[in-house]
Structures are given as structure tokens and as C-alpha cells.
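**Student:** I'd like to ask some things about the structure below.
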Amino acid sequence: MVFLLCLLNVITHLPNLTNASSSCKSKGLHSPPYNPSGTHAILTLNNFARGGDGGGPAECDGKFHPLPQRVVALSTGWYNKGARCGKMIRIKARNGRSTLAKVVDECDSVHGCACKTNVVDASKTVWKDLGLNTNDGEVPVTWTMV
């Protein structure tokens with residue numbers, strides 16, 4: 001009887017397990033339009049160091065970027081095929097604090113579930129400069145090119 005209940009449970013949940021990857025659809029290339037007065041985004045946390053959660057080296061320069069570097073990855077549309085590589089952006093939090101960071105990578109919003117189309121994925125130093133708690137995970141910010 002226990003075996004049958006377990007088997008029934010597996011059969012019931014099997015469609016959810018097999019479709020897990022298909023529930024994560026591409027979000028596409030189209031980030032919200034860049035606004036020179038301030039583009040609204042979601043700040044997320046990334047570790048750009050070797051062995052960090054950023055994976056391999058940065059797309060822009062093929063290097064790792066350990067702390068305390070102020071670096072970011074932009075969603076695919078904003079990354080714009082590397083057109084913003086090496087450029088500085090100003091990130092402003094709702095608390096009024098701002099900091100500068102260098103674009104070193106793409107936060108892929110096309111393949112898989114890594115990023116939404118409106119993400120600035122930043123190093124811990126950026127979060128610290130902005131006076132934000134990394135445990136919050138996602139925080140609304142605005143950013144501009146410098």
C-alpha cells in the first residue's frame with residue numbers, strides 16, 4: 001500500500017519535474033529602453049571572483065573581478081552585444097545614495113533563467129556603497145551612463 005501511494009505521488013508530480021526547464025522561458029533581448037535621466041532596474045548580487053556565483057570570467061575582458069572591485073553585469077538588452085563593456089555607470093538607490101561601477105559582463109536574459117530583462121547584477125562592494133542589505137536579494141535602483 002505504501003509503495004502504491006509513493007508511486008501515485010511520483011506519477012502526480014512527474015509532469016512538474018519534467019517541465020521544470022520549460023517553465024523557464026527566455027525573457028528576450030528587449031530590456032526596457034535606456035533613459036539618460038535614469039533607467040529603472042532591479043539590483044541583484046553577483047560574485048565576479050574566480051569560484052564565485054558568476055560562473056566563468058567576465059564577457060567583456062575575460063577576467064575575474066574579485067572584491068573590492070565595483071563591477072556589474074547588465075541584462076542582455078542593456079549589455080547591447082558588449083557596447084557598454086568597460087564603461088562606467090552610476091547606480092542610485094531609493095535611499096539617495098549612489099556609486100559608480102564598471103560594466104564587465106552580461107547577465108543573460110535570453111538563455112534560461114539567469115536574469116530578467118531589467119537587471120543590474122552588481123558586486124557586493126556596490127551594494128555596500130549604496131548602503132543596501134545583500135540579504136534583500138533584489139532592490140529597485142536607477143542607473144545612468146557616466
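The way I read the labels, and the way they are meant: chains A, B, ... in the order of the C-alpha cells, residue 1 as the first residue of every chain, and ligand 1 as the first ligand shown, with later ones counted on from there.
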If you count only C-alpha atoms, which residues fall within 7 Å of region 125-133 of chain A, apart from same-chain ones fewer than 3 positions away, as a PyMOL selection string?

**Tutor:** chain A and resi 67-70+93+97-99+122+136

**Student:** When you look at Val139 (chain A) with a cut-off of 12 Å (counting only C-alpha atoms), what residues show up, excluding the ones that are within fewer than 2 positions of it in the same chain? I need them as a list of chain:residue names.

**Tutor:** A:His40, A:Ala41, A:Ile42, A:Leu43, A:Thr44, A:Leu45, A:Ile91, A:Lys92, A:Ala93, A:Arg94, A:Asn95, A:Asn118, A:Val119, A:Val120, A:Asp121, A:Ala122, A:Trp127, A:Leu130, A:Gly131, A:Leu132, A:Asn133, A:Thr134, A:Asn135, A:Asp136, A:Gly137, A:Val141, A:Thr142

**Student:** Which residues come within 12 Å of Phe64 (chain A), counting only C-alpha atoms, excluding same-chain residues fewer than 4 positions away, as a PyMOL selection string?

**Tutor:** chain A and resi 46-60+69+71-72+104-105+123

**Student:** For the residues in that selection, give me N, CA, C and O atoms as a PDB file, in the first residue's frame.

**Tutor:**
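Okay, this is what ended up in selection32.pdb:
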ATOM      1  N   ASN A  46      26.032  39.622  -7.326  1.00  0.00           N
ATOM      2  CA  ASN A  46      26.852  38.632  -8.024  1.00  0.00           C
ATOM      3  C   ASN A  46      28.261  38.677  -7.459  1.00  0.00           C
ATOM      4  O   ASN A  46      28.756  39.738  -7.064  1.00  0.00           O
ATOM      5  N   ASN A  47      28.917  37.539  -7.457  1.00  0.00           N
ATOM      6  CA  ASN A  47      30.313  37.424  -7.061  1.00  0.00           C
ATOM      7  C   ASN A  47      31.107  37.177  -8.338  1.00  0.00           C
ATOM      8  O   ASN A  47      31.034  36.098  -8.922  1.00  0.00           O
ATOM      9  N   PHE A  48      31.845  38.160  -8.774  1.00  0.00           N
ATOM     10  CA  PHE A  48      32.580  38.096 -10.034  1.00  0.00           C
ATOM     11  C   PHE A  48      33.977  37.503  -9.871  1.00  0.00           C
ATOM     12  O   PHE A  48      34.748  37.463 -10.823  1.00  0.00           O
ATOM     13  N   ALA A  49      34.327  37.030  -8.673  1.00  0.00           N
ATOM     14  CA  ALA A  49      35.646  36.449  -8.411  1.00  0.00           C
ATOM     15  C   ALA A  49      35.707  35.016  -8.929  1.00  0.00           C
ATOM     16  O   ALA A  49      34.684  34.366  -9.144  1.00  0.00           O
ATOM     17  N   ARG A  50      36.925  34.513  -9.122  1.00  0.00           N
ATOM     18  CA  ARG A  50      37.111  33.111  -9.503  1.00  0.00           C
ATOM     19  C   ARG A  50      36.434  32.237  -8.446  1.00  0.00           C
ATOM     20  O   ARG A  50      36.608  32.445  -7.256  1.00  0.00           O
ATOM     21  N   GLY A  51      35.618  31.296  -8.888  1.00  0.00           N
ATOM     22  CA  GLY A  51      34.905  30.418  -7.959  1.00  0.00           C
ATOM     23  C   GLY A  51      33.612  31.026  -7.430  1.00  0.00           C
ATOM     24  O   GLY A  51      32.890  30.389  -6.685  1.00  0.00           O
ATOM     25  N   GLY A  52      33.309  32.264  -7.831  1.00  0.00           N
ATOM     26  CA  GLY A  52      32.090  32.927  -7.368  1.00  0.00           C
ATOM     27  C   GLY A  52      30.878  32.457  -8.150  1.00  0.00           C
ATOM     28  O   GLY A  52      30.987  31.693  -9.119  1.00  0.00           O
ATOM     29  N   ASP A  53      29.708  32.949  -7.743  1.00  0.00           N
ATOM     30  CA  ASP A  53      28.469  32.506  -8.382  1.00  0.00           C
ATOM     31  C   ASP A  53      28.287  33.073  -9.783  1.00  0.00           C
ATOM     32  O   ASP A  53      27.353  32.712 -10.485  1.00  0.00           O
ATOM     33  N   GLY A  54      29.191  33.943 -10.215  1.00  0.00           N
ATOM     34  CA  GLY A  54      29.115  34.482 -11.569  1.00  0.00           C
ATOM     35  C   GLY A  54      29.541  33.498 -12.638  1.00  0.00           C
ATOM     36  O   GLY A  54      29.403  33.771 -13.830  1.00  0.00           O
ATOM     37  N   GLY A  55      30.056  32.362 -12.227  1.00  0.00           N
ATOM     38  CA  GLY A  55      30.482  31.352 -13.203  1.00  0.00           C
ATOM     39  C   GLY A  55      31.878  31.634 -13.715  1.00  0.00           C
ATOM     40  O   GLY A  55      32.813  31.792 -12.948  1.00  0.00           O
ATOM     41  N   GLY A  56      31.999  31.755 -15.021  1.00  0.00           N
ATOM     42  CA  GLY A  56      33.303  31.956 -15.643  1.00  0.00           C
ATOM     43  C   GLY A  56      33.739  33.405 -15.608  1.00  0.00           C
ATOM     44  O   GLY A  56      33.116  34.251 -14.974  1.00  0.00           O
ATOM     45  N   PRO A  57      34.806  33.691 -16.322  1.00  0.00           N
ATOM     46  CA  PRO A  57      35.295  35.069 -16.377  1.00  0.00           C
ATOM     47  C   PRO A  57      34.289  35.990 -17.062  1.00  0.00           C
ATOM     48  O   PRO A  57      33.409  35.545 -17.796  1.00  0.00           O
ATOM     49  N   ALA A  58      34.442  37.270 -16.843  1.00  0.00           N
ATOM     50  CA  ALA A  58      33.538  38.271 -17.401  1.00  0.00           C
ATOM     51  C   ALA A  58      33.612  38.280 -18.924  1.00  0.00           C
ATOM     52  O   ALA A  58      34.676  38.091 -19.509  1.00  0.00           O
ATOM     53  N   GLU A  59      32.462  38.523 -19.558  1.00  0.00           N
ATOM     54  CA  GLU A  59      32.373  38.554 -21.022  1.00  0.00           C
ATOM     55  C   GLU A  59      33.222  39.666 -21.640  1.00  0.00           C
ATOM     56  O   GLU A  59      33.777  39.497 -22.714  1.00  0.00           O
ATOM     57  N   CYS A  60      33.277  40.803 -20.988  1.00  0.00           N
ATOM     58  CA  CYS A  60      33.936  41.963 -21.592  1.00  0.00           C
ATOM     59  C   CYS A  60      35.448  41.805 -21.729  1.00  0.00           C
ATOM     60  O   CYS A  60      36.014  42.197 -22.741  1.00  0.00           O
ATOM     61  N   GLN A  69      36.360  45.289  -6.087  1.00  0.00           N
ATOM     62  CA  GLN A  69      36.033  45.960  -7.343  1.00  0.00           C
ATOM     63  C   GLN A  69      34.536  46.265  -7.439  1.00  0.00           C
ATOM     64  O   GLN A  69      33.702  45.462  -7.040  1.00  0.00           O
ATOM     65  N   VAL A  71      31.901  46.387  -9.869  1.00  0.00           N
ATOM     66  CA  VAL A  71      31.606  45.910 -11.222  1.00  0.00           C
ATOM     67  C   VAL A  71      30.167  45.419 -11.314  1.00  0.00           C
ATOM     68  O   VAL A  71      29.561  45.049 -10.302  1.00  0.00           O
ATOM     69  N   VAL A  72      29.645  45.428 -12.570  1.00  0.00           N
ATOM     70  CA  VAL A  72      28.275  44.981 -12.800  1.00  0.00           C
ATOM     71  C   VAL A  72      28.188  44.183 -14.099  1.00  0.00           C
ATOM     72  O   VAL A  72      29.035  44.310 -14.986  1.00  0.00           O
ATOM     73  N   VAL A 104      31.281  44.923 -16.802  1.00  0.00           N
ATOM     74  CA  VAL A 104      32.257  43.902 -17.187  1.00  0.00           C
ATOM     75  C   VAL A 104      31.620  42.637 -17.749  1.00  0.00           C
ATOM     76  O   VAL A 104      32.330  41.760 -18.232  1.00  0.00           O
ATOM     77  N   ASP A 105      30.285  42.533 -17.671  1.00  0.00           N
ATOM     78  CA  ASP A 105      29.669  41.261 -18.044  1.00  0.00           C
ATOM     79  C   ASP A 105      28.219  41.457 -18.477  1.00  0.00           C
ATOM     80  O   ASP A 105      27.616  42.505 -18.266  1.00  0.00           O
ATOM     81  N   SER A 123      28.441  43.682  -7.834  1.00  0.00           N
ATOM     82  CA  SER A 123      29.322  43.129  -6.798  1.00  0.00           C
ATOM     83  C   SER A 123      28.884  43.626  -5.417  1.00  0.00           C
ATOM     84  O   SER A 123      28.175  44.632  -5.288  1.00  0.00           O
TER      85      SER A 123
END

**Student:** Taking the backbone alone, and naming residues the way the document does, which bits of region 10-136 of chain A are strand (DSSP E or B) by DSSP, as a PDB file with N, CA and C atoms, in the first residue's frame?

**Tutor:**
ATOM      1  N   THR A  39      17.492  55.076 -15.692  1.00  0.00           N
ATOM      2  CA  THR A  39      16.781  53.886 -16.144  1.00  0.00           C
ATOM      3  C   THR A  39      16.451  53.021 -14.932  1.00  0.00           C
ATOM      4  N   HIS A  40      15.184  52.688 -14.775  1.00  0.00           N
ATOM      5  CA  HIS A  40      14.763  51.857 -13.646  1.00  0.00           C
ATOM      6  C   HIS A  40      15.237  50.425 -13.857  1.00  0.00           C
ATOM      7  N   ALA A  41      15.747  49.827 -12.776  1.00  0.00           N
ATOM      8  CA  ALA A  41      16.284  48.469 -12.834  1.00  0.00           C
ATOM      9  C   ALA A  41      16.108  47.793 -11.483  1.00  0.00           C
ATOM     10  N   ILE A  42      16.409  46.504 -11.489  1.00  0.00           N
ATOM     11  CA  ILE A  42      16.465  45.714 -10.264  1.00  0.00           C
ATOM     12  C   ILE A  42      17.937  45.369 -10.016  1.00  0.00           C
ATOM     13  N   LEU A  43      18.432  45.726  -8.848  1.00  0.00           N
ATOM     14  CA  LEU A  43      19.802  45.394  -8.473  1.00  0.00           C
ATOM     15  C   LEU A  43      19.820  43.996  -7.868  1.00  0.00           C
ATOM     16  N   THR A  44      20.701  43.157  -8.383  1.00  0.00           N
ATOM     17  CA  THR A  44      20.906  41.819  -7.828  1.00  0.00           C
ATOM     18  C   THR A  44      22.380  41.688  -7.464  1.00  0.00           C
ATOM     19  N   LEU A  45      22.700  40.648  -6.723  1.00  0.00           N
ATOM     20  CA  LEU A  45      24.056  40.436  -6.211  1.00  0.00           C
ATOM     21  C   LEU A  45      24.773  39.360  -7.004  1.00  0.00           C
ATOM     22  N   VAL A  71      31.901  46.387  -9.869  1.00  0.00           N
ATOM     23  CA  VAL A  71      31.606  45.910 -11.222  1.00  0.00           C
ATOM     24  C   VAL A  71      30.167  45.419 -11.314  1.00  0.00           C
ATOM     25  N   VAL A  72      29.645  45.428 -12.570  1.00  0.00           N
ATOM     26  CA  VAL A  72      28.275  44.981 -12.800  1.00  0.00           C
ATOM     27  C   VAL A  72      28.188  44.183 -14.099  1.00  0.00           C
ATOM     28  N   ALA A  73      27.127  43.405 -14.173  1.00  0.00           N
ATOM     29  CA  ALA A  73      26.680  42.774 -15.410  1.00  0.00           C
ATOM     30  C   ALA A  73      25.317  43.371 -15.715  1.00  0.00           C
ATOM     31  N   LEU A  74      25.066  43.684 -16.975  1.00  0.00           N
ATOM     32  CA  LEU A  74      23.778  44.234 -17.390  1.00  0.00           C
ATOM     33  C   LEU A  74      22.969  43.175 -18.127  1.00  0.00           C
ATOM     34  N   SER A  75      21.651  43.238 -18.002  1.00  0.00           N
ATOM     35  CA  SER A  75      20.775  42.354 -18.769  1.00  0.00           C
ATOM     36  C   SER A  75      21.119  42.463 -20.251  1.00  0.00           C
ATOM     37  N   MET A  88      31.577  53.077 -17.455  1.00  0.00           N
ATOM     38  CA  MET A  88      31.119  53.286 -16.083  1.00  0.00           C
ATOM     39  C   MET A  88      29.647  53.688 -16.078  1.00  0.00           C
ATOM     40  N   ILE A  89      28.929  53.165 -15.074  1.00  0.00           N
ATOM     41  CA  ILE A  89      27.550  53.577 -14.861  1.00  0.00           C
ATOM     42  C   ILE A  89      27.416  54.094 -13.427  1.00  0.00           C
ATOM     43  N   ARG A  90      26.462  54.980 -13.241  1.00  0.00           N
ATOM     44  CA  ARG A  90      26.113  55.461 -11.898  1.00  0.00           C
ATOM     45  C   ARG A  90      24.833  54.754 -11.496  1.00  0.00           C
ATOM     46  N   ILE A  91      24.854  54.148 -10.324  1.00  0.00           N
ATOM     47  CA  ILE A  91      23.693  53.439  -9.791  1.00  0.00           C
ATOM     48  C   ILE A  91      23.205  54.214  -8.578  1.00  0.00           C
ATOM     49  N   LYS A  92      21.905  54.497  -8.545  1.00  0.00           N
ATOM     50  CA  LYS A  92      21.326  55.252  -7.440  1.00  0.00           C
ATOM     51  C   LYS A  92      20.225  54.438  -6.786  1.00  0.00           C
ATOM     52  N   ALA A  93      20.315  54.315  -5.464  1.00  0.00           N
ATOM     53  CA  ALA A  93      19.309  53.595  -4.684  1.00  0.00           C
ATOM     54  C   ALA A  93      18.221  54.570  -4.230  1.00  0.00           C
ATOM     55  N   SER A  98      24.442  56.855  -4.069  1.00  0.00           N
ATOM     56  CA  SER A  98      24.820  56.400  -5.406  1.00  0.00           C
ATOM     57  C   SER A  98      26.282  55.994  -5.422  1.00  0.00           C
ATOM     58  N   THR A  99      26.646  55.237  -6.453  1.00  0.00           N
ATOM     59  CA  THR A  99      28.023  54.793  -6.636  1.00  0.00           C
ATOM     60  C   THR A  99      28.271  54.570  -8.113  1.00  0.00           C
ATOM     61  N   LEU A 100      29.537  54.499  -8.466  1.00  0.00           N
ATOM     62  CA  LEU A 100      29.935  54.191  -9.836  1.00  0.00           C
ATOM     63  C   LEU A 100      30.398  52.749  -9.910  1.00  0.00           C
ATOM     64  N   ALA A 101      30.138  52.107 -11.048  1.00  0.00           N
ATOM     65  CA  ALA A 101      30.581  50.728 -11.259  1.00  0.00           C
ATOM     66  C   ALA A 101      30.909  50.534 -12.734  1.00  0.00           C
ATOM     67  N   LYS A 102      31.810  49.615 -12.993  1.00  0.00           N
ATOM     68  CA  LYS A 102      32.251  49.317 -14.357  1.00  0.00           C
ATOM     69  C   LYS A 102      31.472  48.124 -14.911  1.00  0.00           C
ATOM     70  N   VAL A 103      30.996  48.246 -16.152  1.00  0.00           N
ATOM     71  CA  VAL A 103      30.305  47.145 -16.825  1.00  0.00           C
ATOM     72  C   VAL A 103      31.358  46.151 -17.311  1.00  0.00           C
ATOM     73  N   VAL A 104      31.281  44.923 -16.802  1.00  0.00           N
ATOM     74  CA  VAL A 104      32.257  43.902 -17.187  1.00  0.00           C
ATOM     75  C   VAL A 104      31.620  42.637 -17.749  1.00  0.00           C
ATOM     76  N   ASP A 105      30.285  42.533 -17.671  1.00  0.00           N
ATOM     77  CA  ASP A 105      29.669  41.261 -18.044  1.00  0.00           C
ATOM     78  C   ASP A 105      28.219  41.457 -18.477  1.00  0.00           C
ATOM     79  N   GLU A 106      27.691  40.399 -19.075  1.00  0.00           N
ATOM     80  CA  GLU A 106      26.292  40.316 -19.471  1.00  0.00           C
ATOM     81  C   GLU A 106      25.559  39.424 -18.487  1.00  0.00           C
ATOM     82  N   CYS A 107      24.397  39.844 -18.055  1.00  0.00           N
ATOM     83  CA  CYS A 107      23.510  38.996 -17.268  1.00  0.00           C
ATOM     84  C   CYS A 107      22.483  38.469 -18.264  1.00  0.00           C
ATOM     85  N   VAL A 119      17.844  43.922 -15.157  1.00  0.00           N
ATOM     86  CA  VAL A 119      18.741  43.661 -14.038  1.00  0.00           C
ATOM     87  C   VAL A 119      20.090  44.355 -14.202  1.00  0.00           C
ATOM     88  N   VAL A 120      20.537  44.940 -13.088  1.00  0.00           N
ATOM     89  CA  VAL A 120      21.925  45.349 -12.918  1.00  0.00           C
ATOM     90  C   VAL A 120      22.459  44.415 -11.837  1.00  0.00           C
ATOM     91  N   ASP A 121      23.300  43.477 -12.234  1.00  0.00           N
ATOM     92  CA  ASP A 121      23.841  42.444 -11.355  1.00  0.00           C
ATOM     93  C   ASP A 121      25.172  42.962 -10.823  1.00  0.00           C
ATOM     94  N   ALA A 122      25.257  43.258  -9.537  1.00  0.00           N
ATOM     95  CA  ALA A 122      26.383  44.019  -9.003  1.00  0.00           C
ATOM     96  C   ALA A 122      27.195  43.270  -7.954  1.00  0.00           C
TER      97      ALA A 122
END
